[in-house]
Every structure is written in C-alpha cells, then in structure tokens.
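Raw structure_23.cif, mmCIF, C-alpha atoms; chains and numbers go by the auth columns:
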data_coords
#
loop_
_atom_site.group_PDB
_atom_site.id
_atom_site.type_symbol
_atom_site.label_atom_id
_atom_site.label_comp_id
_atom_site.label_asym_id
_atom_site.label_seq_id
_atom_site.Cartn_x
_atom_site.Cartn_y
_atom_site.Cartn_z
_atom_site.B_iso_or_equiv
_atom_site.auth_seq_id
_atom_site.auth_asym_id
ATOM 1 C CA MET A 1 72.765 -79.158 6.649 0.00 1 A
ATOM 2 C CA LYS A 2 72.358 -75.476 7.494 0.00 2 A
ATOM 3 C CA ARG A 3 69.701 -73.559 5.596 0.00 3 A
ATOM 4 C CA GLN A 4 72.246 -71.264 3.919 0.00 4 A
ATOM 5 C CA ASP A 5 74.432 -74.187 2.791 0.00 5 A
ATOM 6 C CA LYS A 6 71.340 -75.895 1.446 0.00 6 A
ATOM 7 C CA ALA A 7 70.291 -72.774 -0.455 0.00 7 A
ATOM 8 C CA ASP A 8 73.786 -72.401 -1.965 0.00 8 A
ATOM 9 C CA LYS A 9 73.763 -75.992 -3.203 0.00 9 A
ATOM 10 C CA ILE A 10 70.237 -75.645 -4.620 0.00 10 A
ATOM 11 C CA ALA A 11 71.180 -72.428 -6.429 0.00 11 A
ATOM 12 C CA ASP A 12 74.199 -74.141 -8.012 0.00 12 A
ATOM 13 C CA MET A 13 72.078 -77.071 -9.189 0.00 13 A
ATOM 14 C CA LEU A 14 69.396 -74.817 -10.646 0.00 14 A
ATOM 15 C CA LYS A 15 71.992 -72.736 -12.508 0.00 15 A
ATOM 16 C CA GLN A 16 73.360 -75.902 -14.102 0.00 16 A
ATOM 17 C CA LEU A 17 69.903 -77.149 -15.073 0.00 17 A
ATOM 18 C CA TYR A 18 68.533 -73.802 -16.282 0.00 18 A
ATOM 19 C CA PRO A 19 71.424 -71.414 -17.016 0.00 19 A
ATOM 20 C CA ASP A 20 69.267 -68.966 -18.969 0.00 20 A
ATOM 21 C CA PRO A 21 65.626 -69.534 -17.989 0.00 21 A
ATOM 22 C CA PRO A 22 63.175 -68.069 -20.524 0.00 22 A
ATOM 23 C CA ILE A 23 60.110 -66.085 -19.540 0.00 23 A
ATOM 24 C CA PRO A 24 57.231 -68.570 -19.900 0.00 24 A
ATOM 25 C CA LEU A 25 54.488 -66.083 -20.828 0.00 25 A
ATOM 26 C CA ASP A 26 54.503 -64.742 -24.386 0.00 26 A
ATOM 27 C CA HIS A 27 54.531 -60.941 -24.538 0.00 27 A
ATOM 28 C CA SER A 28 55.893 -58.042 -26.572 0.00 28 A
ATOM 29 C CA ASP A 29 56.012 -55.207 -24.038 0.00 29 A
ATOM 30 C CA ALA A 30 55.261 -54.296 -20.438 0.00 30 A
ATOM 31 C CA TYR A 31 51.522 -54.061 -21.041 0.00 31 A
ATOM 32 C CA THR A 32 51.100 -57.446 -22.720 0.00 32 A
ATOM 33 C CA LEU A 33 53.245 -59.016 -19.993 0.00 33 A
ATOM 34 C CA LEU A 34 51.126 -57.397 -17.287 0.00 34 A
ATOM 35 C CA VAL A 35 47.922 -58.719 -18.841 0.00 35 A
ATOM 36 C CA ALA A 36 49.408 -62.185 -19.372 0.00 36 A
ATOM 37 C CA VAL A 37 50.570 -62.432 -15.757 0.00 37 A
ATOM 38 C CA LEU A 38 47.168 -61.261 -14.541 0.00 38 A
ATOM 39 C CA LEU A 39 45.546 -64.000 -16.642 0.00 39 A
ATOM 40 C CA SER A 40 47.897 -66.660 -15.264 0.00 40 A
ATOM 41 C CA ALA A 41 46.261 -66.639 -11.825 0.00 41 A
ATOM 42 C CA GLN A 42 44.614 -70.063 -11.398 0.00 42 A
ATOM 43 C CA CYS A 43 45.461 -70.810 -15.022 0.00 43 A
ATOM 44 C CA THR A 44 48.452 -72.528 -16.628 0.00 44 A
ATOM 45 C CA ASP A 45 51.015 -70.561 -18.617 0.00 45 A
ATOM 46 C CA GLU A 46 50.306 -72.869 -21.559 0.00 46 A
ATOM 47 C CA ARG A 47 46.637 -71.906 -21.508 0.00 47 A
ATOM 48 C CA VAL A 48 47.444 -68.209 -21.208 0.00 48 A
ATOM 49 C CA ASN A 49 49.745 -68.409 -24.233 0.00 49 A
ATOM 50 C CA LYS A 50 46.878 -69.924 -26.224 0.00 50 A
ATOM 51 C CA VAL A 51 44.447 -67.232 -25.115 0.00 51 A
ATOM 52 C CA THR A 52 46.521 -64.053 -25.434 0.00 52 A
ATOM 53 C CA PRO A 53 47.012 -64.085 -29.229 0.00 53 A
ATOM 54 C CA GLY A 54 43.257 -63.789 -29.716 0.00 54 A
ATOM 55 C CA LEU A 55 42.925 -61.135 -27.028 0.00 55 A
ATOM 56 C CA PHE A 56 45.843 -59.089 -28.311 0.00 56 A
ATOM 57 C CA SER A 57 44.546 -59.275 -31.875 0.00 57 A
ATOM 58 C CA LEU A 58 41.596 -57.244 -30.553 0.00 58 A
ATOM 59 C CA ALA A 59 43.722 -54.913 -28.433 0.00 59 A
ATOM 60 C CA ASP A 60 47.383 -55.104 -27.504 0.00 60 A
ATOM 61 C CA ASN A 61 47.653 -51.738 -25.782 0.00 61 A
ATOM 62 C CA PRO A 62 45.706 -49.972 -23.011 0.00 62 A
ATOM 63 C CA HIS A 63 44.224 -47.356 -25.355 0.00 63 A
ATOM 64 C CA ASP A 64 42.504 -49.977 -27.529 0.00 64 A
ATOM 65 C CA MET A 65 41.690 -52.312 -24.627 0.00 65 A
ATOM 66 C CA ALA A 66 39.907 -49.517 -22.766 0.00 66 A
ATOM 67 C CA THR A 67 37.499 -49.098 -25.690 0.00 67 A
ATOM 68 C CA LEU A 68 36.390 -52.739 -25.664 0.00 68 A
ATOM 69 C CA ASP A 69 33.289 -53.889 -23.840 0.00 69 A
ATOM 70 C CA VAL A 70 34.035 -56.065 -20.826 0.00 70 A
ATOM 71 C CA SER A 71 31.940 -58.792 -22.437 0.00 71 A
ATOM 72 C CA THR A 72 34.223 -58.764 -25.478 0.00 72 A
ATOM 73 C CA ILE A 73 37.313 -59.142 -23.303 0.00 73 A
ATOM 74 C CA GLN A 74 35.646 -61.907 -21.327 0.00 74 A
ATOM 75 C CA GLY A 75 34.755 -63.750 -24.511 0.00 75 A
ATOM 76 C CA ALA A 76 38.385 -63.709 -25.585 0.00 76 A
ATOM 77 C CA ILE A 77 39.664 -65.087 -22.269 0.00 77 A
ATOM 78 C CA LYS A 78 36.756 -67.364 -21.345 0.00 78 A
ATOM 79 C CA SER A 79 38.906 -70.493 -21.147 0.00 79 A
ATOM 80 C CA CYS A 80 41.007 -68.944 -18.362 0.00 80 A
ATOM 81 C CA GLY A 81 39.848 -69.340 -14.790 0.00 81 A
ATOM 82 C CA LEU A 82 37.996 -66.428 -13.208 0.00 82 A
ATOM 83 C CA ALA A 83 37.396 -64.908 -16.655 0.00 83 A
ATOM 84 C CA PRO A 84 34.569 -62.514 -15.602 0.00 84 A
ATOM 85 C CA THR A 85 36.661 -60.925 -12.856 0.00 85 A
ATOM 86 C CA LYS A 86 39.810 -60.835 -14.950 0.00 86 A
ATOM 87 C CA ALA A 87 37.972 -59.175 -17.843 0.00 87 A
ATOM 88 C CA LYS A 88 36.698 -56.417 -15.561 0.00 88 A
ATOM 89 C CA ASN A 89 40.156 -55.864 -14.103 0.00 89 A
ATOM 90 C CA ILE A 90 41.833 -55.737 -17.521 0.00 90 A
ATOM 91 C CA SER A 91 39.308 -53.148 -18.632 0.00 91 A
ATOM 92 C CA LYS A 92 39.677 -51.057 -15.473 0.00 92 A
ATOM 93 C CA LEU A 93 43.467 -51.119 -15.345 0.00 93 A
ATOM 94 C CA SER A 94 43.672 -50.231 -19.034 0.00 94 A
ATOM 95 C CA THR A 95 41.512 -47.172 -18.438 0.00 95 A
ATOM 96 C CA ILE A 96 43.686 -46.161 -15.478 0.00 96 A
ATOM 97 C CA LEU A 97 46.863 -46.547 -17.546 0.00 97 A
ATOM 98 C CA VAL A 98 45.403 -44.276 -20.213 0.00 98 A
ATOM 99 C CA ASP A 99 44.021 -41.690 -17.790 0.00 99 A
ATOM 100 C CA GLU A 100 46.866 -41.575 -15.264 0.00 100 A
ATOM 101 C CA TYR A 101 50.002 -42.912 -16.957 0.00 101 A
ATOM 102 C CA GLN A 102 49.708 -41.800 -20.608 0.00 102 A
ATOM 103 C CA GLY A 103 49.167 -45.405 -21.607 0.00 103 A
ATOM 104 C CA GLU A 104 52.422 -46.607 -20.047 0.00 104 A
ATOM 105 C CA VAL A 105 52.835 -49.325 -17.433 0.00 105 A
ATOM 106 C CA PRO A 106 54.271 -47.773 -14.233 0.00 106 A
ATOM 107 C CA ASP A 107 57.671 -48.992 -13.152 0.00 107 A
ATOM 108 C CA THR A 108 57.282 -49.132 -9.390 0.00 108 A
ATOM 109 C CA LEU A 109 55.909 -51.945 -7.257 0.00 109 A
ATOM 110 C CA LYS A 110 53.611 -49.610 -5.345 0.00 110 A
ATOM 111 C CA GLN A 111 51.995 -48.181 -8.486 0.00 111 A
ATOM 112 C CA LEU A 112 51.557 -51.605 -10.054 0.00 112 A
ATOM 113 C CA GLU A 113 49.978 -53.060 -6.920 0.00 113 A
ATOM 114 C CA ALA A 114 47.432 -50.224 -6.941 0.00 114 A
ATOM 115 C CA LEU A 115 46.057 -51.371 -10.318 0.00 115 A
ATOM 116 C CA PRO A 116 42.871 -53.500 -10.343 0.00 116 A
ATOM 117 C CA GLY A 117 43.622 -57.211 -10.223 0.00 117 A
ATOM 118 C CA VAL A 118 47.355 -56.685 -9.755 0.00 118 A
ATOM 119 C CA GLY A 119 48.546 -58.146 -6.483 0.00 119 A
ATOM 120 C CA HIS A 120 52.053 -58.311 -5.065 0.00 120 A
ATOM 121 C CA LYS A 121 53.022 -61.440 -6.997 0.00 121 A
ATOM 122 C CA THR A 122 51.839 -60.102 -10.361 0.00 122 A
ATOM 123 C CA ALA A 123 53.525 -56.751 -9.772 0.00 123 A
ATOM 124 C CA SER A 124 56.753 -58.480 -8.740 0.00 124 A
ATOM 125 C CA VAL A 125 56.784 -60.575 -11.915 0.00 125 A
ATOM 126 C CA VAL A 126 56.446 -57.471 -14.090 0.00 126 A
ATOM 127 C CA MET A 127 59.147 -55.648 -12.117 0.00 127 A
ATOM 128 C CA ALA A 128 61.508 -58.620 -12.495 0.00 128 A
ATOM 129 C CA GLN A 129 60.795 -59.755 -16.027 0.00 129 A
ATOM 130 C CA TRP A 130 60.268 -56.437 -17.775 0.00 130 A
ATOM 131 C CA PHE A 131 61.931 -53.741 -15.720 0.00 131 A
ATOM 132 C CA GLY A 132 64.782 -55.957 -14.504 0.00 132 A
ATOM 133 C CA GLU A 133 64.371 -54.976 -10.864 0.00 133 A
ATOM 134 C CA PRO A 134 65.433 -57.674 -8.385 0.00 134 A
ATOM 135 C CA SER A 135 62.237 -59.343 -7.180 0.00 135 A
ATOM 136 C CA PHE A 136 61.343 -62.783 -5.889 0.00 136 A
ATOM 137 C CA PRO A 137 57.712 -63.426 -6.851 0.00 137 A
ATOM 138 C CA VAL A 138 56.437 -66.355 -4.801 0.00 138 A
ATOM 139 C CA ASP A 139 53.337 -68.241 -5.893 0.00 139 A
ATOM 140 C CA THR A 140 51.892 -71.408 -4.377 0.00 140 A
ATOM 141 C CA HIS A 141 54.252 -73.571 -6.473 0.00 141 A
ATOM 142 C CA ILE A 142 57.441 -71.867 -5.285 0.00 142 A
ATOM 143 C CA HIS A 143 56.045 -71.837 -1.741 0.00 143 A
ATOM 144 C CA ARG A 144 55.506 -75.595 -1.948 0.00 144 A
ATOM 145 C CA LEU A 145 59.033 -76.326 -3.144 0.00 145 A
ATOM 146 C CA ALA A 146 60.682 -73.961 -0.678 0.00 146 A
ATOM 147 C CA THR A 147 58.773 -75.701 2.116 0.00 147 A
ATOM 148 C CA ARG A 148 59.750 -79.134 0.855 0.00 148 A
ATOM 149 C CA TRP A 149 63.383 -78.087 0.737 0.00 149 A
ATOM 150 C CA GLY A 150 63.376 -76.651 4.235 0.00 150 A
ATOM 151 C CA LEU A 151 64.190 -73.130 3.042 0.00 151 A
ATOM 152 C CA THR A 152 61.222 -71.602 4.827 0.00 152 A
ATOM 153 C CA SER A 153 59.193 -72.210 7.920 0.00 153 A
ATOM 154 C CA GLY A 154 56.569 -69.770 6.698 0.00 154 A
ATOM 155 C CA LYS A 155 52.899 -70.626 6.654 0.00 155 A
ATOM 156 C CA ASN A 156 52.180 -68.355 3.675 0.00 156 A
ATOM 157 C CA VAL A 157 53.774 -66.980 0.518 0.00 157 A
ATOM 158 C CA GLN A 158 54.598 -63.653 2.169 0.00 158 A
ATOM 159 C CA GLN A 159 56.837 -65.302 4.773 0.00 159 A
ATOM 160 C CA THR A 160 58.352 -67.601 2.167 0.00 160 A
ATOM 161 C CA GLU A 161 59.337 -64.606 0.041 0.00 161 A
ATOM 162 C CA LYS A 162 61.118 -63.039 3.020 0.00 162 A
ATOM 163 C CA ASP A 163 62.905 -66.295 3.831 0.00 163 A
ATOM 164 C CA LEU A 164 64.079 -66.886 0.247 0.00 164 A
ATOM 165 C CA LYS A 165 65.369 -63.329 -0.055 0.00 165 A
ATOM 166 C CA LYS A 166 67.520 -63.941 3.026 0.00 166 A
ATOM 167 C CA VAL A 167 69.304 -67.023 1.680 0.00 167 A
ATOM 168 C CA PHE A 168 69.692 -66.196 -2.032 0.00 168 A
ATOM 169 C CA PRO A 169 71.815 -63.322 -3.458 0.00 169 A
ATOM 170 C CA LYS A 170 69.746 -60.377 -4.667 0.00 170 A
ATOM 171 C CA GLN A 171 71.302 -60.465 -8.120 0.00 171 A
ATOM 172 C CA ASP A 172 70.028 -64.036 -8.583 0.00 172 A
ATOM 173 C CA TRP A 173 66.423 -63.518 -7.487 0.00 173 A
ATOM 174 C CA ASN A 174 64.932 -62.964 -10.945 0.00 174 A
ATOM 175 C CA ASP A 175 66.522 -66.072 -12.435 0.00 175 A
ATOM 176 C CA LEU A 176 65.834 -68.205 -9.361 0.00 176 A
ATOM 177 C CA HIS A 177 62.148 -67.384 -9.503 0.00 177 A
ATOM 178 C CA LEU A 178 62.000 -68.914 -12.991 0.00 178 A
ATOM 179 C CA GLN A 179 64.459 -71.726 -12.282 0.00 179 A
ATOM 180 C CA ILE A 180 62.395 -72.986 -9.358 0.00 180 A
ATOM 181 C CA ILE A 181 59.236 -72.887 -11.485 0.00 181 A
ATOM 182 C CA TYR A 182 60.886 -74.918 -14.261 0.00 182 A
ATOM 183 C CA PHE A 183 62.350 -77.375 -11.782 0.00 183 A
ATOM 184 C CA GLY A 184 58.947 -77.892 -10.211 0.00 184 A
ATOM 185 C CA ARG A 185 57.381 -78.643 -13.572 0.00 185 A
ATOM 186 C CA GLU A 186 60.089 -81.076 -14.613 0.00 186 A
ATOM 187 C CA TYR A 187 61.034 -82.825 -11.383 0.00 187 A
ATOM 188 C CA CYS A 188 58.899 -81.790 -8.424 0.00 188 A
ATOM 189 C CA PRO A 189 55.110 -81.962 -9.053 0.00 189 A
ATOM 190 C CA ALA A 190 52.504 -81.178 -6.434 0.00 190 A
ATOM 191 C CA ARG A 191 50.879 -84.605 -6.400 0.00 191 A
ATOM 192 C CA GLY A 192 52.233 -88.132 -6.527 0.00 192 A
ATOM 193 C CA HIS A 193 55.793 -86.956 -5.972 0.00 193 A
ATOM 194 C CA ASP A 194 58.377 -89.336 -4.494 0.00 194 A
ATOM 195 C CA LEU A 195 60.671 -87.005 -2.568 0.00 195 A
ATOM 196 C CA THR A 196 63.259 -89.756 -2.101 0.00 196 A
ATOM 197 C CA THR A 197 64.018 -89.834 -5.851 0.00 197 A
ATOM 198 C CA CYS A 198 63.866 -86.076 -6.536 0.00 198 A
ATOM 199 C CA PRO A 199 67.223 -84.432 -7.462 0.00 199 A
ATOM 200 C CA ILE A 200 66.755 -81.882 -4.669 0.00 200 A
ATOM 201 C CA CYS A 201 64.089 -83.195 -2.292 0.00 201 A
ATOM 202 C CA SER A 202 66.029 -86.450 -1.849 0.00 202 A
ATOM 203 C CA TRP A 203 68.736 -84.647 0.134 0.00 203 A
ATOM 204 C CA ALA A 204 67.168 -81.301 1.053 0.00 204 A
ATOM 205 C CA ALA A 205 63.877 -82.479 2.539 0.00 205 A
ATOM 206 C CA THR A 206 63.776 -83.571 6.159 0.00 206 A
ATOM 207 C CA LYS A 207 62.686 -87.063 7.127 0.00 207 A
ATOM 208 C CA LYS A 208 59.602 -85.491 8.682 0.00 208 A
ATOM 209 C CA ARG A 209 58.708 -83.738 5.417 0.00 209 A
ATOM 210 C CA ILE A 210 59.239 -86.928 3.390 0.00 210 A
ATOM 211 C CA ALA A 211 56.979 -88.853 5.772 0.00 211 A
ATOM 212 C CA MET A 212 54.304 -86.156 5.549 0.00 212 A
ATOM 213 C CA GLU A 213 54.337 -86.198 1.738 0.00 213 A
ATOM 214 C CA GLN A 214 54.230 -90.002 1.604 0.00 214 A
ATOM 215 C CA LYS A 215 51.239 -90.031 3.922 0.00 215 A
ATOM 216 C CA LYS A 216 49.479 -87.392 1.834 0.00 216 A
ATOM 217 C CA ASN A 217 50.071 -89.259 -1.414 0.00 217 A
#
Could you quickly redo this structure as structure tokens?
Amino acid sequence: MKRQDKADKIADMLKQLYPDPPIPLDHSDAYTLLVAVLLSAQCTDERVNKVTPGLFSLADNPHDMATLDVSTIQGAIKSCGLAPTKAKNISKLSTILVDEYQGEVPDTLKQLEALPGVGHKTASVVMAQWFGEPSFPVDTHIHRLATRWGLTSGKNVQQTEKDLKKVFPKQDWNDLHLQIIYFGREYCPARGHDLTTCPICSWAATKKRIAMEQKKN
C-alpha cells in the first residue's frame, strides 16, 4: 500500500475512534497550558494533572509566578521528572513574559521557542491547542507509531514531523496529533506490543517492522 493511501486509511480510522479528542492537560488559559506542557516532558499527563493544581494555587499567572522563589516552584512540582530544571525555566519564562510581553503568552512559534525550556514540540502544542494554528507536534510516542506504520523513514522527530505533514491535510493536524496519542495509549504501547493484533499495525506495519518488534520484545 502506498504511503498516502495508508495515511488516508489511518486518518479515517482515528476520526472514527476519536471524533473530538480532548486536550489531555488541564489548563485554563495559554499560560497554564504552556506550563503544563513544559512539565509534561519526561512525565505523564496524569502526573502533570495531579501536580498543576497545587502549583497554580500558588501562582496561575506569570506575574505571581515570577515572584516565587525557584525552590518554592520546585517543591510544588517535585514529583515531575527534571523538577529542578523545570522550576528554573518556569521562573525565567514567567519573568520574560512579564517584562517583554505584558504578562501575555506570545502567539508565534518563534517567540515561544525563544522562552526558557520551551522547545519546538512544546511551542507547537501551545500553538495548536490554544491558538488554533495548524501544527503537528511530534514527541517520541508519535514518532514511534509513525515509524511502526511506515509513514516516515525519519531517524528523528524532526524528520517525522515533516513526513506526517506531507501525508495528512493541514486542517487535520491538530486533531491527528491528539488522536495518535490516544490511540497509542489504548492500542499501541511501546513495550510488549503484538503488532499482528493491533487495529492499525496489523495491516500498516511491514513484515520487516513486525519481525523487528517481535525480536525486541
């Protein structure tokens, strides 16, 4: 099956399974979403959603967050991975938002990526989920599934993002990002996965990929 035909079939299946995919990270505005996405690096969304209520009870806006000691922020997020670094970045970016953006989260990818601790993936999530700009944030999970499904030959998430943007319509990127994440959680885990029984891998994965996964598991 050609890559484009495969992508079309996958998109149809994902739309049926997740017609209106919710945003997994709890937030109330652009700032709380930005902080939540930053915290989600090497941390599950479930854990982030348990941590952010306590953090946001201390400060849920850049003006208040910038007044907190880094140690206080770190204490509130200590159960997230890389808490010391994340606490410093949250403090720094909050100060920048106050000093340079009147306390508002900028609405361009370039400006977001310039903030401490905000890489391309985090910035893309905020652009897609808050500002509604077509983006296709690719993390290691989406990269893994796209590779399994033969939608990318890329060796890294940057190439995978380019490949996925070529085969999926721009207007569907924001939903597909979430749909693939939800599918991975429900049907397509990283470890111990039998590709031959997966609703998508069973027909989308190549025999070579199935053999590789079986050997790995």
Result set of the PyMOL selection byres ((chain A and resi 115) around 10) on the coordinates above, as a short mmCIF file (atom, residue, chain, number, x, y, z; two decimals) with C-alpha atoms, in the coordinates of the input:
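Result went into expr_15.cif, see below:
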data_model
loop_
_atom_site.label_atom_id
_atom_site.label_comp_id
_atom_site.auth_asym_id
_atom_site.auth_seq_id
_atom_site.Cartn_x
_atom_site.Cartn_y
_atom_site.Cartn_z
CA ASN A 89 40.16 -55.86 -14.10
CA ILE A 90 41.83 -55.74 -17.52
CA LYS A 92 39.68 -51.06 -15.47
CA LEU A 93 43.47 -51.12 -15.34
CA SER A 94 43.67 -50.23 -19.03
CA ILE A 96 43.69 -46.16 -15.48
CA LEU A 97 46.86 -46.55 -17.55
CA PRO A 106 54.27 -47.77 -14.23
CA LYS A 110 53.61 -49.61 -5.34
CA GLN A 111 52.00 -48.18 -8.49
CA LEU A 112 51.56 -51.60 -10.05
CA GLU A 113 49.98 -53.06 -6.92
CA ALA A 114 47.43 -50.22 -6.94
CA PRO A 116 42.87 -53.50 -10.34
CA GLY A 117 43.62 -57.21 -10.22
CA VAL A 118 47.36 -56.68 -9.76
CA GLY A 119 48.55 -58.15 -6.48
CA ALA A 123 53.52 -56.75 -9.77
#
Original post:
Written as a list in words, what is the full residue list that the PyMOL selection byres ((chain A and resi 176) around 9) yields on the file shown?
Top reply: Ala11, Leu14, Lys15, Pro21, Phe136, Phe168, Asp172, Trp173, Asn174, Asp175, His177, Leu178, Gln179, Ile180 and Ile181 of chain A
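With all atoms listed in the file as the atoms that count, the minimum distance from A:Lys50 to the choices A:Thr32, A:Thr72, A:Ser79, A:Ser135 is reached by A:Ser79.
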*For A:Met212, please output as a VMD selection string all residues within 12 Å (counting only C-alpha atoms; exclusion window: fewer than 4 positions along the same chain).*
chain A and resid 147 to 148 193 to 195 205 to 208 216 to 217
note - atom CA of A:Thr140 and atom CA of A:Cys198 are separated by 19.1 Å
Using all atoms listed in the file, the best pick from A:Val70, A:Cys80, A:Val98, A:Val125 as closest to A:Pro24 would be A:Val125
Worksheet entry | Best match for closeness to A:Glu186 among A:Ile200, A:Gly54, A:Val157, A:Val105, counting all atoms listed in the file |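 Checking each of A:Ile200, A:Gly54, A:Val157, A:Val105 against A:Glu186, counting all atoms listed in the file, the winner is A:Ile200.
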Residue with the minimum atom-to-atom distance to A:Asp8, picked from A:His63, A:Ala211, A:Gln129, A:Val167 with only C-alpha atoms counted, is A:Val167
Inset, instruction - Give me, please, the distance in Å between atom CA of A:Glu133 and atom CA of A:Tyr18, quoted to one decimal. - result: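 These two atoms are separated by 20.0 Å.
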d(atom CA of A:Gln159, atom CA of A:Pro134) in Å: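 Interatomic distance, atom CA of A:Gln159 to atom CA of A:Pro134: 17.5 Å.
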**OP:** Using the chain letters and residue numbers of this document, give as a list in words the residues selected by the PyMOL selection byres ((chain A and resi 1) around 12).
**Re:**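 Checking the PyMOL selection byres ((chain A and resi 1) around 12) against this file, the residues are Lys2, Arg3, Gln4, Asp5, Lys6, Ala7, Asp8, Lys9, Trp149, Gly150, Leu151, Trp203, Ala204, Ala205 and Thr206 of chain A.
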Counting only C-alpha atoms, closest pick from A:Leu82, A:Ala30, A:Val51, A:Val138 relative to A:Ser124 is A:Val138
Between A:Tyr31, A:Arg191, A:Ala41, A:Pro53, single out the one closest to A:Met65, counting only C-alpha atoms.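 For A:Met65, the nearest of the given residues is A:Tyr31.
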Taking every listed atom of stretch 189-202 of chain A and adding 4 Å to each side, what centre and edge lengths in Å (one decimal) does the axis-aligned box have, as AutoDock Vina command-line options?
--center_x 59.1 --center_y -85.5 --center_z -5.5 --size_x 24.3 --size_y 16.7 --size_z 15.2
(Q) Please list as a ChimeraX atom specification every residue within 12 Å of A:Val48, counting only C-alpha atoms and excluding residues in the same chain fewer than 5 positions away. (A) /A:24-27,32-33,35-43,53-56,76-81,83
